[in-house]
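Novice: The structure file start.txt (compact mmCIF, C-alpha atoms) is provided below.
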# COMPACT_ATOMS: atom_id res chain seq x y z
CA MET A 87 0.00 0.00 0.00
CA GLN A 88 2.83 2.38 0.89
CA ALA A 89 4.66 1.59 -2.38
CA ARG A 90 1.43 2.28 -4.31
CA LEU A 91 0.98 5.57 -2.45
CA ILE A 92 4.54 6.63 -3.21
CA SER A 93 4.05 5.69 -6.86
CA THR A 94 0.83 7.72 -7.02
CA ARG A 95 2.50 10.73 -5.43
CA TYR A 96 5.46 10.39 -7.78
CA CYS A 97 3.20 10.26 -10.84
CA ALA A 98 1.22 13.24 -9.57
CA LEU A 99 4.45 15.22 -9.06
CA PHE A 100 5.67 14.25 -12.53
CA ALA A 101 2.32 15.31 -14.00
CA VAL A 102 2.48 18.70 -12.29
CA CYS A 103 6.07 19.27 -13.44
CA SER A 104 5.17 18.22 -17.00
CA VAL A 105 2.18 20.59 -17.16
CA VAL A 106 4.18 23.48 -15.66
CA LEU A 107 6.94 22.86 -18.21
CA PHE A 108 4.30 22.70 -20.95
CA LEU A 109 2.83 26.07 -19.97
CA GLY A 110 6.24 27.71 -19.60
CA LEU A 111 7.44 26.41 -22.96
CA SER A 112 4.22 27.54 -24.63
CA LEU A 113 4.72 31.13 -23.45
CA PHE A 114 8.43 31.11 -24.31
CA PHE A 115 7.62 29.60 -27.71
CA LEU A 116 5.50 32.64 -28.56
CA THR A 117 8.24 35.11 -27.64
CA ILE A 118 10.98 33.62 -29.86
CA GLY A 119 11.44 34.47 -33.52
CA ILE A 120 13.13 36.86 -35.93
CA GLN A 121 11.72 39.56 -33.70
CA ASP A 122 11.62 38.75 -29.99
CA ILE A 123 8.33 39.84 -28.44
CA PRO A 124 8.09 40.51 -24.67
CA LEU A 125 5.73 38.34 -22.66
CA ARG A 126 3.51 41.29 -21.73
CA ASP A 127 2.92 41.98 -25.44
CA ILE A 128 2.13 38.30 -25.98
CA LEU A 129 -0.60 38.44 -23.36
CA HIS A 130 -1.83 41.78 -24.70
CA ALA A 131 -2.18 40.29 -28.20
CA PHE A 132 -4.89 37.92 -26.92
CA THR A 133 -6.58 40.05 -24.27
CA ALA A 134 -6.77 43.34 -26.21
CA ALA A 135 -6.43 42.58 -29.91
CA ASN A 136 -5.66 45.63 -32.05
CA PRO A 137 -5.57 45.31 -35.88
CA SER A 138 -2.89 48.04 -36.07
CA ASP A 139 -0.60 46.25 -33.60
CA VAL A 140 2.03 44.52 -35.75
CA GLN A 141 3.44 42.42 -32.92
CA GLY A 142 -0.02 41.27 -31.91
CA LEU A 143 -0.75 40.33 -35.51
CA ILE A 144 2.47 38.27 -35.66
CA VAL A 145 1.53 36.44 -32.48
CA ARG A 146 -2.04 35.64 -33.52
CA THR A 147 -1.51 34.77 -37.19
CA LEU A 148 1.98 33.22 -37.21
CA ARG A 149 3.25 32.12 -33.82
CA PHE A 150 0.05 30.87 -32.20
CA PRO A 151 -0.82 28.53 -35.12
CA ARG A 152 2.80 27.36 -35.05
CA LEU A 153 2.49 26.63 -31.33
CA LEU A 154 -0.67 24.60 -31.91
CA ALA A 155 1.08 22.70 -34.71
CA ALA A 156 4.01 21.85 -32.42
CA ILE A 157 1.62 20.57 -29.74
CA VAL A 158 -0.48 18.54 -32.18
CA CYS A 159 2.57 16.97 -33.84
CA GLY A 160 4.29 16.21 -30.55
CA VAL A 161 1.19 14.56 -29.11
CA SER A 162 0.48 12.60 -32.30
CA PHE A 163 3.98 11.26 -32.97
CA ALA A 164 4.64 10.39 -29.31
CA VAL A 165 1.35 8.57 -28.73
CA ALA A 166 1.63 6.75 -32.07
CA GLY A 167 5.12 5.56 -31.10
CA ALA A 168 3.94 4.42 -27.67
CA LEU A 169 1.11 2.43 -29.26
CA MET A 170 3.41 0.77 -31.78
CA GLN A 171 5.97 -0.21 -29.16
CA GLY A 172 3.27 -1.54 -26.85
CA VAL A 173 1.30 -3.54 -29.41
CA THR A 174 4.33 -5.06 -31.16
CA ASN A 175 6.41 -5.44 -27.97
CA ASN A 176 9.22 -3.96 -30.08
CA PRO A 177 11.33 -1.22 -28.44
CA LEU A 178 12.54 -0.03 -31.86
CA ALA A 179 9.07 0.65 -33.25
CA SER A 180 7.94 4.17 -34.14
CA PRO A 181 6.23 5.88 -37.09
CA SER A 182 9.54 7.19 -38.44
CA VAL A 183 11.60 4.02 -37.93
CA LEU A 184 8.99 1.73 -39.52
CA GLY A 185 8.47 3.96 -42.56
CA ILE A 186 4.94 5.13 -41.73
CA ASN A 187 5.97 8.80 -41.87
CA ALA A 188 7.62 8.25 -45.25
CA GLY A 189 4.49 6.48 -46.50
CA ALA A 190 2.34 9.43 -45.40
CA SER A 191 4.71 11.81 -47.21
CA PHE A 192 4.33 9.69 -50.34
CA GLY A 193 0.56 9.99 -50.02
CA LEU A 194 0.89 13.77 -49.77
CA ALA A 195 3.06 13.89 -52.90
CA VAL A 196 0.52 11.84 -54.86
CA ALA A 197 -2.28 14.14 -53.68
CA MET A 198 -0.38 17.26 -54.77
CA ILE A 199 0.34 15.78 -58.20
CA ALA A 200 -3.01 14.12 -58.94
CA TRP A 201 -5.29 16.67 -57.23
CA PRO A 202 -3.42 19.99 -56.98
CA LEU A 203 -6.62 21.85 -56.01
CA ALA A 204 -7.76 19.31 -53.44
CA SER A 205 -8.79 20.49 -49.99
CA PHE A 206 -6.56 20.02 -46.98
CA GLN A 207 -8.91 17.31 -45.71
CA ALA A 208 -8.39 15.40 -48.96
CA THR A 209 -4.61 15.60 -48.60
CA ILE A 210 -4.93 14.26 -45.05
CA LEU A 211 -6.86 11.26 -46.38
CA CYS A 212 -4.08 10.65 -48.90
CA ALA A 213 -1.56 10.80 -46.08
CA PHE A 214 -3.59 8.15 -44.23
CA ALA A 215 -3.58 5.97 -47.35
CA GLY A 216 0.20 6.29 -47.75
CA ALA A 217 0.75 5.44 -44.08
CA ALA A 218 -1.50 2.40 -44.41
CA LEU A 219 0.42 1.23 -47.48
CA ALA A 220 3.73 1.48 -45.60
CA THR A 221 2.25 -0.49 -42.70
CA ALA A 222 1.02 -3.20 -45.07
CA LEU A 223 4.48 -3.54 -46.62
CA ILE A 224 6.09 -3.93 -43.18
CA LEU A 225 3.59 -6.63 -42.25
CA LEU A 226 4.20 -8.38 -45.57
CA LEU A 227 7.96 -8.43 -45.02
CA ALA A 228 7.49 -9.73 -41.48
CA SER A 229 5.13 -12.52 -42.58
CA ALA A 230 7.49 -13.61 -45.36
CA ARG A 231 10.29 -14.31 -42.88
CA GLN A 232 10.32 -17.81 -41.41
CA GLY A 233 10.62 -18.16 -37.65
CA LYS A 234 10.67 -15.43 -35.01
CA VAL A 235 10.97 -11.88 -36.28
CA SER A 236 13.43 -9.84 -34.19
CA PRO A 237 12.94 -6.14 -33.40
CA VAL A 238 16.10 -5.30 -35.33
CA PHE A 239 14.75 -7.07 -38.44
CA ILE A 240 11.53 -5.06 -38.22
CA ALA A 241 13.52 -1.84 -37.79
CA LEU A 242 15.73 -2.65 -40.78
CA SER A 243 12.65 -3.51 -42.84
CA GLY A 244 11.12 -0.20 -41.85
CA THR A 245 14.29 1.61 -42.86
CA ALA A 246 14.22 -0.09 -46.25
CA VAL A 247 10.54 0.71 -46.78
CA SER A 248 11.16 4.30 -45.72
CA ALA A 249 14.06 4.63 -48.17
CA VAL A 250 11.93 3.26 -51.02
CA PHE A 251 9.05 5.63 -50.30
CA LEU A 252 11.37 8.63 -49.98
CA ALA A 253 13.12 7.75 -53.23
CA VAL A 254 9.82 7.34 -55.11
CA THR A 255 8.55 10.59 -53.60
CA GLN A 256 11.65 12.45 -54.77
CA VAL A 257 11.30 11.01 -58.29
CA LEU A 258 7.67 12.14 -58.44
CA VAL A 259 8.57 15.55 -57.07
CA VAL A 260 11.27 16.12 -59.70
CA TYR A 261 9.35 14.62 -62.62
CA PHE A 262 6.14 16.57 -61.97
CA ASP A 263 7.98 19.72 -60.80
CA VAL A 264 6.29 20.11 -57.43
CA ALA A 265 9.47 20.48 -55.39
CA GLN A 266 8.56 23.91 -54.14
CA GLU A 267 5.11 22.82 -52.97
CA LEU A 268 6.40 19.68 -51.22
CA SER A 269 9.66 21.02 -49.79
CA TYR A 270 7.77 22.29 -46.73
CA TRP A 271 6.75 18.74 -45.78
CA THR A 272 9.88 16.85 -46.83
CA ALA A 273 12.12 19.10 -44.72
CA GLY A 274 9.94 18.55 -41.67
CA GLY A 275 8.84 21.79 -40.08
CA ILE A 276 5.92 23.88 -38.92
CA SER A 277 6.93 27.37 -40.06
CA GLY A 278 4.23 29.19 -41.98
CA ILE A 279 1.44 26.88 -40.82
CA LYS A 280 -1.97 28.54 -40.84
CA LEU A 281 -4.72 28.21 -38.25
CA PRO A 282 -7.32 26.69 -40.66
CA ALA A 283 -4.93 23.81 -41.40
CA ILE A 284 -4.53 23.09 -37.68
CA LEU A 285 -8.29 23.23 -37.12
CA SER A 286 -8.76 20.78 -40.01
CA VAL A 287 -6.41 18.26 -38.43
CA LEU A 288 -7.67 18.51 -34.83
CA PRO A 289 -10.67 16.14 -35.26
CA TRP A 290 -8.40 13.41 -36.65
CA THR A 291 -5.89 13.91 -33.85
CA ALA A 292 -8.63 13.86 -31.21
CA ALA A 293 -10.11 10.66 -32.67
CA GLY A 294 -6.73 8.94 -32.68
CA LEU A 295 -5.95 10.04 -29.13
CA LEU A 296 -9.32 8.97 -27.75
CA THR A 297 -8.95 5.58 -29.45
CA ALA A 298 -5.51 5.17 -27.91
CA LEU A 299 -6.81 6.01 -24.44
CA SER A 300 -9.73 3.60 -24.82
CA ILE A 301 -7.41 0.62 -25.40
CA SER A 302 -4.62 1.69 -23.01
CA ARG A 303 -5.43 -1.01 -20.43
CA SER A 304 -5.46 -3.72 -23.10
CA ILE A 305 -2.06 -2.61 -24.40
CA THR A 306 -0.68 -2.94 -20.88
CA LEU A 307 -1.86 -6.56 -20.88
CA LEU A 308 -0.14 -7.13 -24.23
CA SER A 309 3.17 -5.99 -22.79
CA PHE A 310 3.11 -9.10 -20.57
CA GLY A 311 2.70 -11.37 -23.60
CA GLU A 312 -0.16 -12.55 -25.78
CA GLU A 313 -0.90 -15.64 -23.69
CA MET A 314 -1.42 -13.65 -20.51
CA ALA A 315 -3.43 -10.99 -22.33
CA ILE A 316 -5.77 -13.61 -23.75
CA GLY A 317 -6.04 -15.29 -20.36
CA LEU A 318 -7.08 -11.99 -18.79
CA GLY A 319 -9.80 -11.44 -21.36
CA GLY A 320 -7.98 -9.37 -23.95
CA ARG A 321 -9.21 -9.63 -27.53
CA ILE A 322 -5.92 -9.41 -29.41
CA PRO A 323 -7.19 -8.89 -33.00
CA ARG A 324 -9.53 -6.10 -31.88
CA ILE A 325 -6.77 -4.41 -29.88
CA ARG A 326 -4.36 -4.50 -32.81
CA VAL A 327 -6.93 -3.18 -35.28
CA LEU A 328 -7.85 -0.27 -33.01
CA ALA A 329 -4.19 0.47 -32.25
CA GLY A 330 -3.35 0.40 -35.95
CA LEU A 331 -6.25 2.74 -36.72
CA SER A 332 -5.12 5.12 -34.00
CA VAL A 333 -1.53 5.10 -35.29
CA LEU A 334 -2.68 5.84 -38.84
CA LEU A 335 -4.88 8.73 -37.66
CA LEU A 336 -2.19 10.25 -35.48
CA ALA A 337 0.82 9.77 -37.74
CA GLY A 338 -1.03 10.64 -40.94
CA SER A 339 -2.50 13.87 -39.59
CA ALA A 340 0.82 14.93 -38.01
CA VAL A 341 2.74 14.34 -41.23
CA ALA A 342 0.10 16.35 -43.12
CA VAL A 343 0.88 19.28 -40.81
CA ALA A 344 4.63 19.06 -40.25
CA GLY A 345 6.09 16.50 -42.62
CA PRO A 346 8.06 13.41 -41.61
CA VAL A 347 9.52 14.67 -38.32
CA GLY A 348 11.44 11.69 -37.04
CA PHE A 349 12.29 10.05 -33.72
CA VAL A 350 9.74 11.86 -31.52
CA GLY A 351 7.62 8.72 -31.39
CA PHE A 352 10.72 6.63 -30.78
CA VAL A 353 12.42 8.51 -27.94
CA VAL A 354 9.48 9.81 -25.90
CA PRO A 355 7.80 6.46 -25.00
CA HIS A 356 11.12 5.08 -23.73
CA ILE A 357 11.59 8.07 -21.44
CA VAL A 358 8.02 7.87 -20.18
CA ARG A 359 8.15 4.14 -19.45
CA ARG A 360 11.39 4.65 -17.55
CA LEU A 361 9.69 7.30 -15.40
CA VAL A 362 6.15 5.92 -14.85
CA GLY A 363 6.37 2.21 -15.67
CA ILE A 364 4.53 0.12 -18.27
CA ASP A 365 0.93 0.97 -17.37
CA TYR A 366 -0.30 2.44 -20.66
CA ARG A 367 -3.09 4.27 -18.85
CA LEU A 368 -0.21 6.48 -17.70
CA VAL A 369 2.18 6.00 -20.61
CA ILE A 370 -0.18 7.40 -23.25
CA PRO A 371 -1.17 10.69 -21.53
CA PHE A 372 2.37 11.32 -20.28
CA SER A 373 3.75 10.57 -23.75
CA ALA A 374 1.33 13.13 -25.18
CA VAL A 375 2.53 15.88 -22.83
CA LEU A 376 6.21 15.00 -23.10
CA GLY A 377 5.94 14.71 -26.89
CA ALA A 378 4.44 18.20 -27.11
CA ASN A 379 7.21 19.54 -24.87
CA LEU A 380 9.92 17.87 -26.97
CA VAL A 381 8.63 19.27 -30.26
CA MET A 382 8.29 22.75 -28.76
CA ILE A 383 11.90 22.59 -27.51
CA ALA A 384 13.10 21.31 -30.88
CA ASP A 385 11.31 24.07 -32.77
CA ILE A 386 12.67 26.71 -30.42
CA LEU A 387 16.18 25.38 -31.05
CA ALA A 388 15.48 25.28 -34.80
CA ARG A 389 14.87 29.03 -34.69
CA MET A 390 17.83 29.82 -32.41
CA VAL A 391 20.63 27.80 -34.04
CA ALA A 392 21.33 30.12 -36.99
CA PRO A 393 19.03 33.16 -36.87
CA PRO A 394 17.43 34.65 -38.94
CA PHE A 395 17.44 31.31 -40.82
CA GLU A 396 15.67 28.23 -39.49
CA THR A 397 17.05 24.73 -39.15
CA PRO A 398 14.59 22.02 -40.28
CA LEU A 399 12.70 20.65 -37.31
CA GLY A 400 13.36 17.08 -38.42
CA ALA A 401 17.12 17.69 -38.28
CA VAL A 402 16.91 18.87 -34.67
CA THR A 403 14.90 15.85 -33.52
CA ALA A 404 17.28 13.54 -35.40
CA VAL A 405 20.25 14.89 -33.40
CA VAL A 406 18.66 13.38 -30.30
CA GLY A 407 16.95 10.39 -31.90
CA VAL A 408 19.72 8.82 -34.00
CA PRO A 409 22.25 8.26 -31.15
CA PHE A 410 19.46 6.94 -28.94
CA PHE A 411 18.34 4.55 -31.69
CA LEU A 412 21.88 3.25 -32.25
CA TYR A 413 22.37 2.71 -28.53
CA LEU A 414 19.12 0.81 -28.18
CA ALA A 415 19.65 -1.26 -31.32
CA ASN A 416 23.01 -2.48 -30.00
CA ARG A 417 21.64 -3.74 -26.69
CA LYS A 418 21.85 -7.52 -26.51
CA GLU A 419 18.24 -8.09 -25.46
CA VAL A 420 17.00 -6.04 -28.42
CA ARG A 421 19.22 -7.85 -30.95
CA ARG A 422 17.97 -11.20 -29.69
CA GLY A 423 14.31 -10.05 -29.77
As structure tokens, what does this structure read like?
Specialist:
Amino acid sequence: MQARLISTRYCALFAVCSVVLFLGLSLFFLTIGIQDIPLRDILHAFTAANPSDVQGLIVRTLRFPRLLAAIVCGVSFAVAGALMQGVTNNPLASPSVLGINAGASFGLAVAMIAWPLASFQATILCAFAGAALATALILLLASARQGKVSPVFIALSGTAVSAVFLAVTQVLVVYFDVAQELSYWTAGGISGIKLPAILSVLPWTAAGLLTALSISRSITLLSFGEEMAIGLGGRIPRIRVLAGLSVLLLAGSAVAVAGPVGFVGFVVPHIVRRLVGIDYRLVIPFSAVLGANLVMIADILARMVAPPFETPLGAVTAVVGVPFFLYLANRKEVRRG
């Protein structure tokens, strides 16, 4: 009982610290840019909007939508990664490592070429289709291998699928001359995002997040093995279908907003599980908050590295994610599966 009480207090403290960090980063996020804006002017831009106030206009039309995009992408990529690692029991799984982000980017490229005047909602649906295609290819490669499939094999398969999709996307981009339109997504970033685009993606993100929360207990059972999950009443096919649907909704909508930003969904779930354990009723909400914080920090750094120019957001997250991936892939228990 005492250990449970300590654990509850620890999780509550971690939640408070995470939310405080989230609020602090959100305010700091709005102050940073080519022109630094004081915090009092940030608050004034929302409480007393003035059309002639240039700084207020910058905050409302440029920085606030960018903040929402960072939060949405951080939540989506982190929760999608947590779901994939929990359902597959594979510590190397994430939307970027398994090629789902690259598949969604391919779907976006096809949408821009085939339907250049399509609505943003239509491009999101194409991103979902591309992500689903990448997932199907990974499953096909896994089923074609005889015997037990190791996490490293799945990760290498995902890398190969990702490389193929990226190569095909680049060929399409060059052949149909849509490099300028697609460069925003392929670089991975949220600069210039508009509020209507964020509002269009929010229902998909909310649906994916609610689905993830609804199956969080079942995913915890899966982490103990399929036999125990079945013995405790878990319906494995249903859990996997719902988890896959949630991953497609979250990853597809996030890629539609920010492009294939990598390693957020890989790193964040590992940190969260180390801090709060393997109960996915805690892992999923904490991953959402920590993912949003990580993307906000990365985007702040992207603007501060070489001002007034911006470093691609995907490059900043890769600086953290690649070494962590190499370290984890070389651990003996991961190589053995």
Novice: Give me the residues within 12 Å of A:Ile325 as number ranges by chain, counting only C-alpha atoms and dropping any in the same chain fewer than 2 places off.
Specialist: A: 169-170, 172-174, 297-308, 312, 315-316, 319-323, 327-332
Novice: Pick the closest to A:Asp385 from A:Phe100, A:Phe239, A:Phe411, A:Phe114: which is it, counting all atoms listed in the file?
Specialist: A:Phe114
Novice: Excluding stretch 393-406 of chain A and residues on its chain fewer than 6 positions from it, collect all residues at most 8 Å away from it, counting only C-alpha atoms, and give them as JSON, numbers by chain.
Specialist: {"A": [120, 273, 274, 275, 276, 346, 347, 348, 349, 350, 381, 384, 385, 387]}
Novice: How many Å separate atom CA of A:Asn379 from atom CA of A:Ala166?
Specialist: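 Atom CA of A:Ala166 lies 15.7 Å from atom CA of A:Asn379.
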Novice: Go ahead and compute the interatomic distance for atom CA of A:Arg389 and atom CA of A:Asp263, in Å to one decimal.
Specialist: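 Between atom CA of A:Arg389 and atom CA of A:Asp263 the gap works out to 28.6 Å.
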Novice: Would you pick out the contacts of A:Val358 at 7 Å or less, using all atoms listed in the file, so that residues sharing its chain but fewer than 5 positions from it are not included, and give the list as a list in words?
Specialist: Val369, Phe372 and Ser373 of chain A
Novice: Do you know which residues are at most 8 Å from A:Ser243 counting all atoms listed in the file, after dropping those on the same chain fewer than 5 positions away, and could you put them as a ChimeraX atom specification?
Specialist: /A:184,224,227
Novice: Generate the output file for the selected residues, C-alpha atoms, as a CSV table (one decimal), in the coordinates of the input.
Specialist:
chain,number,residue,atom,x,y,z
A,184,LEU,CA,9.0,1.7,-39.5
A,224,ILE,CA,6.1,-3.9,-43.2
A,227,LEU,CA,8.0,-8.4,-45.0
Novice: What does the distance from atom CA of A:Ala344 to atom CA of A:Val158 come to in Å, to one decimal?
Specialist: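 Computing it gives 9.6 Å between the two atoms.
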Novice: Please put the answer as AutoDock Vina command-line options: centre and edge lengths, in Å with one decimal, of a box along x, y and z that encloses all listed atoms of stretch 212-221 of chain A plus 3 Å on each side.
Specialist:
--center_x -0.2 --center_y 5.2 --center_z -45.8 --size_x 13.8 --size_y 17.3 --size_z 12.2
Novice: Between A:Val145, A:Asn176, A:Leu203, A:Ala197, which residue has the minimum interatomic distance to A:His130, considering only C-alpha atoms?
Specialist: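 When distances to A:His130 are compared using only C-alpha atoms, the smallest one comes from A:Val145.
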Novice: Around the point (8.5, -3.6, -36.4), in the coordinates given by the file, pick out the residues reaching within 12 Å, counting all atoms listed in the file, and return them as a compact mmCIF listing (two decimals) with C-alpha atoms, in the frame of the given file.
Specialist:
# COMPACT_ATOMS: atom_id res chain seq x y z
CA GLY A 167 5.12 5.56 -31.10
CA LEU A 169 1.11 2.43 -29.26
CA MET A 170 3.41 0.77 -31.78
CA GLN A 171 5.97 -0.21 -29.16
CA GLY A 172 3.27 -1.54 -26.85
CA VAL A 173 1.30 -3.54 -29.41
CA THR A 174 4.33 -5.06 -31.16
CA ASN A 175 6.41 -5.44 -27.97
CA ASN A 176 9.22 -3.96 -30.08
CA PRO A 177 11.33 -1.22 -28.44
CA LEU A 178 12.54 -0.03 -31.86
CA ALA A 179 9.07 0.65 -33.25
CA SER A 180 7.94 4.17 -34.14
CA PRO A 181 6.23 5.88 -37.09
CA SER A 182 9.54 7.19 -38.44
CA VAL A 183 11.60 4.02 -37.93
CA LEU A 184 8.99 1.73 -39.52
CA GLY A 185 8.47 3.96 -42.56
CA ILE A 186 4.94 5.13 -41.73
CA ALA A 220 3.73 1.48 -45.60
CA THR A 221 2.25 -0.49 -42.70
CA ALA A 222 1.02 -3.20 -45.07
CA LEU A 223 4.48 -3.54 -46.62
CA ILE A 224 6.09 -3.93 -43.18
CA LEU A 225 3.59 -6.63 -42.25
CA LEU A 226 4.20 -8.38 -45.57
CA LEU A 227 7.96 -8.43 -45.02
CA ALA A 228 7.49 -9.73 -41.48
CA SER A 229 5.13 -12.52 -42.58
CA VAL A 235 10.97 -11.88 -36.28
CA SER A 236 13.43 -9.84 -34.19
CA PRO A 237 12.94 -6.14 -33.40
CA VAL A 238 16.10 -5.30 -35.33
CA PHE A 239 14.75 -7.07 -38.44
CA ILE A 240 11.53 -5.06 -38.22
CA ALA A 241 13.52 -1.84 -37.79
CA LEU A 242 15.73 -2.65 -40.78
CA SER A 243 12.65 -3.51 -42.84
CA GLY A 244 11.12 -0.20 -41.85
CA THR A 245 14.29 1.61 -42.86
CA ALA A 246 14.22 -0.09 -46.25
CA VAL A 247 10.54 0.71 -46.78
CA PHE A 352 10.72 6.63 -30.78
CA VAL A 420 17.00 -6.04 -28.42
CA GLY A 423 14.31 -10.05 -29.77
Novice: Between A:Cys159, A:Val196, A:Ala218, A:Ala249, which residue has the minimum interatomic distance to A:Thr291, considering only C-alpha atoms?
Specialist: A:Cys159
Novice: From the set A:Val375, A:Leu334, A:Val105, A:Ala342, which residue has the shortest atom-to-atom contact distance to A:Met198, counting only C-alpha atoms?
Specialist: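 Of the candidates, the smallest distance to A:Met198 is held by A:Ala342.
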Novice: Pick from A:Gly363, A:Pro202, A:Gly193, A:Gly160: nearest to A:Leu376, with all atoms listed in the file counted?
Specialist: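 For A:Leu376, the nearest of the given residues is A:Gly160.
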Novice: Which of these, A:Gln256, A:Arg126, A:Val353, A:Gly345, has the shortest distance to A:Val408 once you count only C-alpha atoms?
Specialist: A:Val353
Novice: Find the residues near A:Leu154: any atom within 10 Å, counting all atoms listed in the file, skip ones fewer than 4 places away on the same chain, and give them as a ChimeraX atom specification.
Specialist: /A:112,149-150,158-160,276,279-281,284-285,288,378,382
